[in-house]
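Written below as structure tokens is the structure these notes are about.
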Amino acid sequence: MAPSAAPVVESPLQSTVENIETNFQPFYVLHKTSSRKNSIKSNLCGKSRKKTKLSPSVPNGIENPDTEECDGSQLEHLRMEALELVWWKMETTIKDVLRDTNVKVFKDICRWVYESFTAIRSSGAPSSSSAARPFPTFTRAECKTLFTGLVLTKNMEVVDDLLTFEELGFHLKSHGCHVASLSSQELSAKSSIGGCIRSLLRQFLKVTVDAADMFILASWYREQGYYENPIVVIVEDIERCCGSVLSDFIIMLSEWVVKVPIILIMGVATTIDAPANVLRSNALQQLCPCKFVLGSPAERMEAVVEAVLLRHCCMFSIGHKVAIFLRKYFLNQDGTLTSFIRAMKIACIQHFSMEPLSFVLARLLVEEENMDGNHASFLEVLSKHASDLLSDSSRLRYPLAEGTGNNLGNILSALKRWRKSWSVVVLCLYQVGKFGKVQLLDLLCEALDPQLFKPITSENSSRLQQEKGTSLSSSYELQYQFSSRKDGYIYQVIRKVRDLPAELLHQLLMSWEKITGCVPEIHENVKDLLLAFKLGNGKSSEKDIADLSKRHGSRNGLFVKNSKLMEKAESFLNSLVSEHMRPVDCIPFHELICFKDVRKLQLALIGDPRRRIQMDLLEFHKIIKCTYCSENRNSLLPCAHDSTIMYSLAQEHGDLINLHDWFQSFKTVASHPQAKRNHRTKQCSTPKKRKDKTSVESKSDASIQARFCTAVTELQITGLLRMPSKRRPDYVQRVAFGL
């Protein structure tokens, strides 16, 4: 039977993807970094090339086009390497951002752990004779308190918390703590308290121990001389644990806390009252809780979007419809960041498999981090590879490229300039939106909307050219004009500037000054606004006044009141949006860096398995790649799979199929000898003598009936048929119709 599930990307690149170590499947999001990842960057920088022996004079491992042209397999190899490098950079950025968002809470938890450890040790260490006894030390009730940190994650799904607690464990280990983690499966009724102890022993002793005895852990802690280091046990999700097992585990730890100074950290996804709903009262009495709150999923999402889609240097971008779909997908998946990252990963895979020149993204990334002097020669070689795609015959592929020229160096430079300016404007808008609780993802979706940027008329074009002193042929930046919507987020953000008090306005201008540093023309205007604010409020220093004198002959125009300054800031922000915030769809050659096919992304994430199965059955020749079947795709052949023959014949019937008629049609196709001989002759490379034996070629009715029953069962399992009922045993019912 044909495969029941289609690959995520229908391209020759798929076979290459399946063979590499880091397999980009939509079911794996943050895979472990392999040893190969560390060498990708150096390989793309030209230090070494796999599977090729090239002249040192050729940069970046590309063969000299004067001696040998780059064929399709080499371009696939370039795209594959680009995919690995770009996603590795994006994944590393995401992990760094998530770690940075939690670093303050991690420091507070680490400080609390050592304060709790000091409090435990203040009651005194057990004597040598007491420590050698295989049972807990008898102490006062107040000495049996178990210090417990309750970490509020605010996540409905534990999948987002796995990486958080993993990073927390690394942070505590780096500060001298001994850390072990327990999942909800290890605190289930099936595992019982013995499974918890064995898991602790396995993680601390690094060996598998059959006996579930806390005395083994106490002996290990005493013999290793770890009395200066606390032991931390992390329970990832308290709501998913068995309440009775967790209660018994807490009571047991409190009994051994003097010999083994264990500090408990438990993840709470809902409210701070969750432990009272899960644990028994005698277990709650042993706890000394302390609350820690992590950032919400929306805050972490905004940090990831800002780092990957706005501040990230790999230049990968998404279209307006893709951004809308990702926002809905994030909200519909209970706000899980993991689902959003998985969607971004699949979008990246789809882009590199569909766009032939997508490997330019990796080269741009290498140029940003490694300027080795081969930039000019690299552009010359890359232009040879891209000549067929950038020629006059490919204007349909790049419809906005008219008048921009086919110089790849100019194209890449223009894309870089656009990305910097566009990102700076969106970030400036976001800084204002924070005062009005505008979400970055909502603002990003509107900033990517090409409907808000309409082509200007020839009259307006001439007027703008005279004002700017440029010609339209030399720049495509004057082709579109922003038209705001009063109910849109951008319009609300711009209007918000005039309502800001002086303190918040100064804070906003300071943040703009940091953001716009990479775009000098915008940065100078922001500095003027900031100096005007300082002069108007008497906060300017001698250095500010001296700097102002150098850039302006007169200072009189800058001494303005706050109300005028707010209007000036609003006008400045409005001009930024009009001049620099063209969506990616309005940029020539945006197809090189932008993924816009939301239909493919939706099919890869949500899927349409029934439609995919039908396509595989009806278009089997694309999967089997049989030459004879491809040449005769309009006719049914006995060399095809039985399920394919059966389903193709089912297209001739309505919602009910007569089994007898269906079997006779299948028998006619399956027992056709001439087609079989032609098929075997077509595939055979050396001619052989064949005997025309009709008795050997034709199959018996029993064999054909067995094949028929097997194929019907397969179609029923895949959900395309409903088996006969008692009322009509000679009919089957079709379930799926059309594609």
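Residue numbers start at 1 in each chain; chains themselves are named A, B, ... in the order of the structure tokens; ligands are numbered from 1 in the order shown.
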Contact residues around Thr336 of chain A with only C-alpha atoms at 12 Å, ignoring same-chain residues under 6 positions, as a ChimeraX atom specification | /A:153-162,296-301,326-330,342-343
Residues as selected, N, CA and C atoms, written as a PDB file, in the first residue's frame, can you do that?
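To be explicit, this is the file written out as selection-v2.pdb:
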ATOM      1  N   THR A 153       4.462  28.524  37.126  1.00  0.00           N
ATOM      2  CA  THR A 153       4.843  28.574  35.710  1.00  0.00           C
ATOM      3  C   THR A 153       3.773  29.191  34.826  1.00  0.00           C
ATOM      4  N   LYS A 154       2.510  29.177  35.263  1.00  0.00           N
ATOM      5  CA  LYS A 154       1.381  29.743  34.515  1.00  0.00           C
ATOM      6  C   LYS A 154       1.151  29.046  33.182  1.00  0.00           C
ATOM      7  N   ASN A 155       1.584  27.804  33.051  1.00  0.00           N
ATOM      8  CA  ASN A 155       1.405  27.046  31.809  1.00  0.00           C
ATOM      9  C   ASN A 155       0.391  25.937  32.033  1.00  0.00           C
ATOM     10  N   MET A 156      -0.521  25.783  31.066  1.00  0.00           N
ATOM     11  CA  MET A 156      -1.472  24.679  31.129  1.00  0.00           C
ATOM     12  C   MET A 156      -0.849  23.383  30.658  1.00  0.00           C
ATOM     13  N   GLU A 157       0.193  23.455  29.851  1.00  0.00           N
ATOM     14  CA  GLU A 157       0.864  22.260  29.335  1.00  0.00           C
ATOM     15  C   GLU A 157       2.273  22.197  29.900  1.00  0.00           C
ATOM     16  N   VAL A 158       2.650  21.014  30.384  1.00  0.00           N
ATOM     17  CA  VAL A 158       3.963  20.850  31.008  1.00  0.00           C
ATOM     18  C   VAL A 158       5.084  20.875  29.986  1.00  0.00           C
ATOM     19  N   VAL A 159       4.753  20.772  28.684  1.00  0.00           N
ATOM     20  CA  VAL A 159       5.788  20.698  27.657  1.00  0.00           C
ATOM     21  C   VAL A 159       6.641  21.964  27.653  1.00  0.00           C
ATOM     22  N   ASP A 160       6.043  23.119  27.978  1.00  0.00           N
ATOM     23  CA  ASP A 160       6.817  24.353  28.029  1.00  0.00           C
ATOM     24  C   ASP A 160       7.700  24.438  29.263  1.00  0.00           C
ATOM     25  N   ASP A 161       7.371  23.666  30.304  1.00  0.00           N
ATOM     26  CA  ASP A 161       8.126  23.740  31.551  1.00  0.00           C
ATOM     27  C   ASP A 161       9.337  22.828  31.567  1.00  0.00           C
ATOM     28  N   LEU A 162       9.413  21.878  30.646  1.00  0.00           N
ATOM     29  CA  LEU A 162      10.523  20.930  30.662  1.00  0.00           C
ATOM     30  C   LEU A 162      11.857  21.646  30.503  1.00  0.00           C
ATOM     31  N   SER A 296       4.953  34.967  32.241  1.00  0.00           N
ATOM     32  CA  SER A 296       3.803  34.321  31.617  1.00  0.00           C
ATOM     33  C   SER A 296       4.171  33.820  30.222  1.00  0.00           C
ATOM     34  N   PRO A 297       3.391  32.878  29.662  1.00  0.00           N
ATOM     35  CA  PRO A 297       3.656  32.422  28.284  1.00  0.00           C
ATOM     36  C   PRO A 297       3.630  33.549  27.272  1.00  0.00           C
ATOM     37  N   ALA A 298       2.758  34.544  27.473  1.00  0.00           N
ATOM     38  CA  ALA A 298       2.707  35.667  26.531  1.00  0.00           C
ATOM     39  C   ALA A 298       4.001  36.483  26.581  1.00  0.00           C
ATOM     40  N   GLU A 299       4.565  36.680  27.760  1.00  0.00           N
ATOM     41  CA  GLU A 299       5.823  37.420  27.883  1.00  0.00           C
ATOM     42  C   GLU A 299       6.971  36.667  27.221  1.00  0.00           C
ATOM     43  N   ARG A 300       7.004  35.355  27.434  1.00  0.00           N
ATOM     44  CA  ARG A 300       8.067  34.560  26.794  1.00  0.00           C
ATOM     45  C   ARG A 300       7.885  34.539  25.276  1.00  0.00           C
ATOM     46  N   MET A 301       6.633  34.502  24.835  1.00  0.00           N
ATOM     47  CA  MET A 301       6.368  34.530  23.395  1.00  0.00           C
ATOM     48  C   MET A 301       6.865  35.832  22.778  1.00  0.00           C
ATOM     49  N   LEU A 326       0.182  31.801  12.648  1.00  0.00           N
ATOM     50  CA  LEU A 326       0.988  31.463  13.822  1.00  0.00           C
ATOM     51  C   LEU A 326       0.383  32.051  15.094  1.00  0.00           C
ATOM     52  N   ARG A 327      -0.170  33.252  15.001  1.00  0.00           N
ATOM     53  CA  ARG A 327      -0.808  33.839  16.183  1.00  0.00           C
ATOM     54  C   ARG A 327      -2.021  33.017  16.602  1.00  0.00           C
ATOM     55  N   LYS A 328      -2.864  32.629  15.648  1.00  0.00           N
ATOM     56  CA  LYS A 328      -4.024  31.805  15.978  1.00  0.00           C
ATOM     57  C   LYS A 328      -3.598  30.434  16.487  1.00  0.00           C
ATOM     58  N   TYR A 329      -2.548  29.893  15.888  1.00  0.00           N
ATOM     59  CA  TYR A 329      -2.078  28.571  16.309  1.00  0.00           C
ATOM     60  C   TYR A 329      -1.572  28.615  17.746  1.00  0.00           C
ATOM     61  N   PHE A 330      -0.881  29.687  18.113  1.00  0.00           N
ATOM     62  CA  PHE A 330      -0.388  29.835  19.480  1.00  0.00           C
ATOM     63  C   PHE A 330      -1.543  29.946  20.468  1.00  0.00           C
ATOM     64  N   ARG A 342       7.686  24.939  17.107  1.00  0.00           N
ATOM     65  CA  ARG A 342       7.564  23.875  16.115  1.00  0.00           C
ATOM     66  C   ARG A 342       7.034  24.412  14.793  1.00  0.00           C
ATOM     67  N   ALA A 343       6.068  25.321  14.865  1.00  0.00           N
ATOM     68  CA  ALA A 343       5.543  25.924  13.642  1.00  0.00           C
ATOM     69  C   ALA A 343       6.597  26.755  12.927  1.00  0.00           C
TER      70      ALA A 343
END
Do you know which residues are at most 8 Å from Tyr647 of chain A counting only C-alpha atoms, after dropping those on the same chain fewer than 5 positions away, and could you put them as a PyMOL selection string?
-> chain A and resi 617-618+715
Any idea what's packed within 7 Å of segment 596-604 of chain A, counting only C-alpha atoms, ignoring anything in its chain fewer than 4 positions away? Could you give it as a ChimeraX atom specification?
-> /A:8,318-319,321-322,346-347,608
Spatial neighbours of segment 194-201 of chain A, max dist 9 Å, only C-alpha atoms, sep filter under 4 positions, as an MDAnalysis selection string | chainID A and resid 180:182 186:188 190 205:214 216:217 233 249
Nearest residue to Ser671 of chain A from the set A:Leu636, A:Ala650, A:Ala119, A:Ala502 (distances using only C-alpha atoms) = A:Leu636
Considering only C-alpha atoms, state which residue in the set A:Trp88, A:Leu163, A:Gly176, A:Ser413 is at the smallest distance from Tyr114 of chain A.
-> A:Gly176
Write out as a PyMOL selection string each polymer residue whose atoms come within 10 Å of Val278 of chain A, counting only C-alpha atoms; drop sequence neighbours fewer than 6 positions from it.
-> chain A and resi 238-244+246-247+284
Export of the given selection (all heavy atoms) as a PDB file, in the first residue's frame:
ATOM      1  N   ILE A 238       3.280  19.540  39.990  1.00  0.00           N
ATOM      2  CA  ILE A 238       2.634  18.933  41.153  1.00  0.00           C
ATOM      3  C   ILE A 238       1.213  18.488  40.838  1.00  0.00           C
ATOM      4  O   ILE A 238       0.715  17.503  41.398  1.00  0.00           O
ATOM      5  CB  ILE A 238       2.655  19.927  42.339  1.00  0.00           C
ATOM      6  CG1 ILE A 238       2.103  19.255  43.592  1.00  0.00           C
ATOM      7  CG2 ILE A 238       1.908  21.191  42.013  1.00  0.00           C
ATOM      8  CD1 ILE A 238       2.201  20.132  44.813  1.00  0.00           C
ATOM      9  N   GLU A 239       0.524  19.206  39.919  1.00  0.00           N
ATOM     10  CA  GLU A 239      -0.860  18.846  39.627  1.00  0.00           C
ATOM     11  C   GLU A 239      -0.991  17.499  38.930  1.00  0.00           C
ATOM     12  O   GLU A 239      -2.046  16.868  39.017  1.00  0.00           O
ATOM     13  CB  GLU A 239      -1.520  19.916  38.747  1.00  0.00           C
ATOM     14  CG  GLU A 239      -1.873  21.184  39.487  1.00  0.00           C
ATOM     15  CD  GLU A 239      -0.788  22.242  39.368  1.00  0.00           C
ATOM     16  OE1 GLU A 239       0.357  21.888  39.053  1.00  0.00           O
ATOM     17  OE2 GLU A 239      -1.080  23.407  39.578  1.00  0.00           O
ATOM     18  N   ARG A 240       0.031  17.041  38.252  1.00  0.00           N
ATOM     19  CA  ARG A 240      -0.032  15.769  37.538  1.00  0.00           C
ATOM     20  C   ARG A 240       0.441  14.586  38.379  1.00  0.00           C
ATOM     21  O   ARG A 240       0.386  13.448  37.914  1.00  0.00           O
ATOM     22  CB  ARG A 240       0.809  15.842  36.260  1.00  0.00           C
ATOM     23  CG  ARG A 240       0.285  16.834  35.228  1.00  0.00           C
ATOM     24  CD  ARG A 240       1.201  16.926  34.034  1.00  0.00           C
ATOM     25  NE  ARG A 240       0.712  17.863  33.034  1.00  0.00           N
ATOM     26  CZ  ARG A 240      -0.066  17.548  32.007  1.00  0.00           C
ATOM     27  NH1 ARG A 240      -0.434  16.289  31.835  1.00  0.00           N
ATOM     28  NH2 ARG A 240      -0.478  18.464  31.152  1.00  0.00           N
ATOM     29  N   CYS A 241       0.918  14.844  39.571  1.00  0.00           N
ATOM     30  CA  CYS A 241       1.430  13.768  40.427  1.00  0.00           C
ATOM     31  C   CYS A 241       0.288  13.128  41.218  1.00  0.00           C
ATOM     32  O   CYS A 241      -0.759  13.741  41.446  1.00  0.00           O
ATOM     33  CB  CYS A 241       2.483  14.314  41.394  1.00  0.00           C
ATOM     34  SG  CYS A 241       3.924  15.045  40.584  1.00  0.00           S
ATOM     35  N   CYS A 242       0.535  11.908  41.647  1.00  0.00           N
ATOM     36  CA  CYS A 242      -0.408  11.216  42.532  1.00  0.00           C
ATOM     37  C   CYS A 242      -0.287  11.831  43.926  1.00  0.00           C
ATOM     38  O   CYS A 242       0.797  11.866  44.516  1.00  0.00           O
ATOM     39  CB  CYS A 242      -0.102   9.721  42.567  1.00  0.00           C
ATOM     40  SG  CYS A 242      -1.175   8.779  43.675  1.00  0.00           S
ATOM     41  N   GLY A 243      -1.408  12.336  44.464  1.00  0.00           N
ATOM     42  CA  GLY A 243      -1.362  13.051  45.736  1.00  0.00           C
ATOM     43  C   GLY A 243      -0.872  12.210  46.890  1.00  0.00           C
ATOM     44  O   GLY A 243      -0.075  12.679  47.731  1.00  0.00           O
ATOM     45  N   SER A 244      -1.305  10.959  46.977  1.00  0.00           N
ATOM     46  CA  SER A 244      -0.889  10.099  48.099  1.00  0.00           C
ATOM     47  C   SER A 244       0.589   9.760  48.027  1.00  0.00           C
ATOM     48  O   SER A 244       1.289   9.774  49.055  1.00  0.00           O
ATOM     49  CB  SER A 244      -1.729   8.815  48.094  1.00  0.00           C
ATOM     50  OG  SER A 244      -1.572   8.115  46.861  1.00  0.00           O
ATOM     51  N   LEU A 246       2.993  11.527  46.514  1.00  0.00           N
ATOM     52  CA  LEU A 246       3.759  12.737  46.795  1.00  0.00           C
ATOM     53  C   LEU A 246       3.710  13.082  48.282  1.00  0.00           C
ATOM     54  O   LEU A 246       4.723  13.537  48.850  1.00  0.00           O
ATOM     55  CB  LEU A 246       3.221  13.891  45.952  1.00  0.00           C
ATOM     56  CG  LEU A 246       3.963  15.233  46.062  1.00  0.00           C
ATOM     57  CD1 LEU A 246       5.434  15.070  45.723  1.00  0.00           C
ATOM     58  CD2 LEU A 246       3.327  16.283  45.163  1.00  0.00           C
ATOM     59  N   SER A 247       2.578  12.867  48.928  1.00  0.00           N
ATOM     60  CA  SER A 247       2.470  13.133  50.368  1.00  0.00           C
ATOM     61  C   SER A 247       3.396  12.225  51.160  1.00  0.00           C
ATOM     62  O   SER A 247       4.109  12.680  52.072  1.00  0.00           O
ATOM     63  CB  SER A 247       1.018  12.963  50.822  1.00  0.00           C
ATOM     64  OG  SER A 247       0.162  13.862  50.149  1.00  0.00           O
ATOM     65  N   LEU A 284       1.267  18.636  54.291  1.00  0.00           N
ATOM     66  CA  LEU A 284       1.327  20.093  54.217  1.00  0.00           C
ATOM     67  C   LEU A 284       1.967  20.691  55.461  1.00  0.00           C
ATOM     68  O   LEU A 284       2.633  21.736  55.391  1.00  0.00           O
ATOM     69  CB  LEU A 284      -0.078  20.664  54.025  1.00  0.00           C
ATOM     70  CG  LEU A 284      -0.739  20.431  52.658  1.00  0.00           C
ATOM     71  CD1 LEU A 284      -2.193  20.881  52.686  1.00  0.00           C
ATOM     72  CD2 LEU A 284       0.018  21.191  51.572  1.00  0.00           C
TER      73      LEU A 284
END
Residues at most 12 Å from His641 of chain A, counting only C-alpha atoms, excluding those fewer than 5 positions away in the same chain, as a short mmCIF file (atom, residue, chain, number, x, y, z; two decimals) with C-alpha atoms, in the first residue's frame?
data_model
loop_
_atom_site.label_atom_id
_atom_site.label_comp_id
_atom_site.auth_asym_id
_atom_site.auth_seq_id
_atom_site.Cartn_x
_atom_site.Cartn_y
_atom_site.Cartn_z
CA MET A 1 0.00 0.00 0.00
CA ALA A 2 1.17 3.54 -0.68
CA PRO A 3 2.38 5.44 2.35
CA ASP A 616 -1.00 8.83 -2.54
CA LEU A 617 -3.32 6.13 -3.83
CA LEU A 618 -4.33 7.96 -6.99
CA GLU A 619 -0.86 9.39 -7.75
CA PHE A 620 1.17 6.35 -6.79
CA HIS A 621 3.50 6.75 -9.78
CA ILE A 623 6.03 7.70 -5.10
CA ILE A 624 7.02 4.44 -6.77
CA CYS A 626 8.16 3.48 -12.12
CA CYS A 629 3.60 3.45 -14.82
CA LEU A 636 -4.77 0.99 -14.61
CA MET A 646 -9.05 -0.91 -5.88
CA TYR A 647 -9.38 2.76 -4.96
CA SER A 648 -9.06 3.88 -8.57
CA PHE A 666 -10.21 -5.86 -10.08
CA VAL A 669 -6.95 -5.56 -14.23
CA ALA A 670 -4.96 -7.92 -12.01
CA ARG A 707 -5.57 -9.97 -2.76
CA PHE A 708 -8.99 -8.38 -3.15
CA THR A 710 -6.56 -7.67 1.71
CA ALA A 711 -6.94 -4.48 -0.32
CA GLU A 714 -6.48 -1.82 3.96
#
What's around Arg498 of chain A at 12 Å? Count only C-alpha atoms, leave out sequence neighbours fewer than 4 positions away in its own chain, and write the answer as a tab-separated table (two decimals) with C-alpha atoms, in the first residue's frame.
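Result file is around39.tsv:
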chain	number	residue	atom	x	y	z
A	432	VAL	CA	5.10	52.81	22.82
A	492	GLN	CA	-3.45	53.49	18.36
A	493	VAL	CA	0.26	53.33	19.17
A	494	ILE	CA	1.05	56.55	17.27
A	502	ALA	CA	7.03	63.70	30.70
A	504	LEU	CA	7.40	58.15	30.38
A	505	LEU	CA	8.26	60.22	27.31
A	508	LEU	CA	10.58	56.17	25.63
A	562	ASN	CA	6.40	69.16	26.49
A	563	SER	CA	3.14	69.39	24.55
A	564	LYS	CA	4.96	70.51	21.42
A	565	LEU	CA	7.60	67.86	21.95
A	566	MET	CA	4.95	65.15	22.18
A	567	GLU	CA	3.47	66.32	18.90
A	568	LYS	CA	6.95	66.32	17.41
A	569	ALA	CA	7.56	62.76	18.66
A	570	GLU	CA	4.22	61.68	17.21
A	571	SER	CA	5.06	63.25	13.87
A	572	PHE	CA	8.48	61.59	13.92
A	573	LEU	CA	6.95	58.16	14.58
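If only C-alpha atoms are the atoms counted, then among A:Phe435, A:Ala532, A:Val103, A:Ile250 the closest residue to Leu500 of chain A is A:Phe435.
Shortest atom-to-atom contact with Leu415 of chain A among A:Leu721, A:Leu168, A:Ile587, A:Leu279: A:Ile587, counting only C-alpha atoms.
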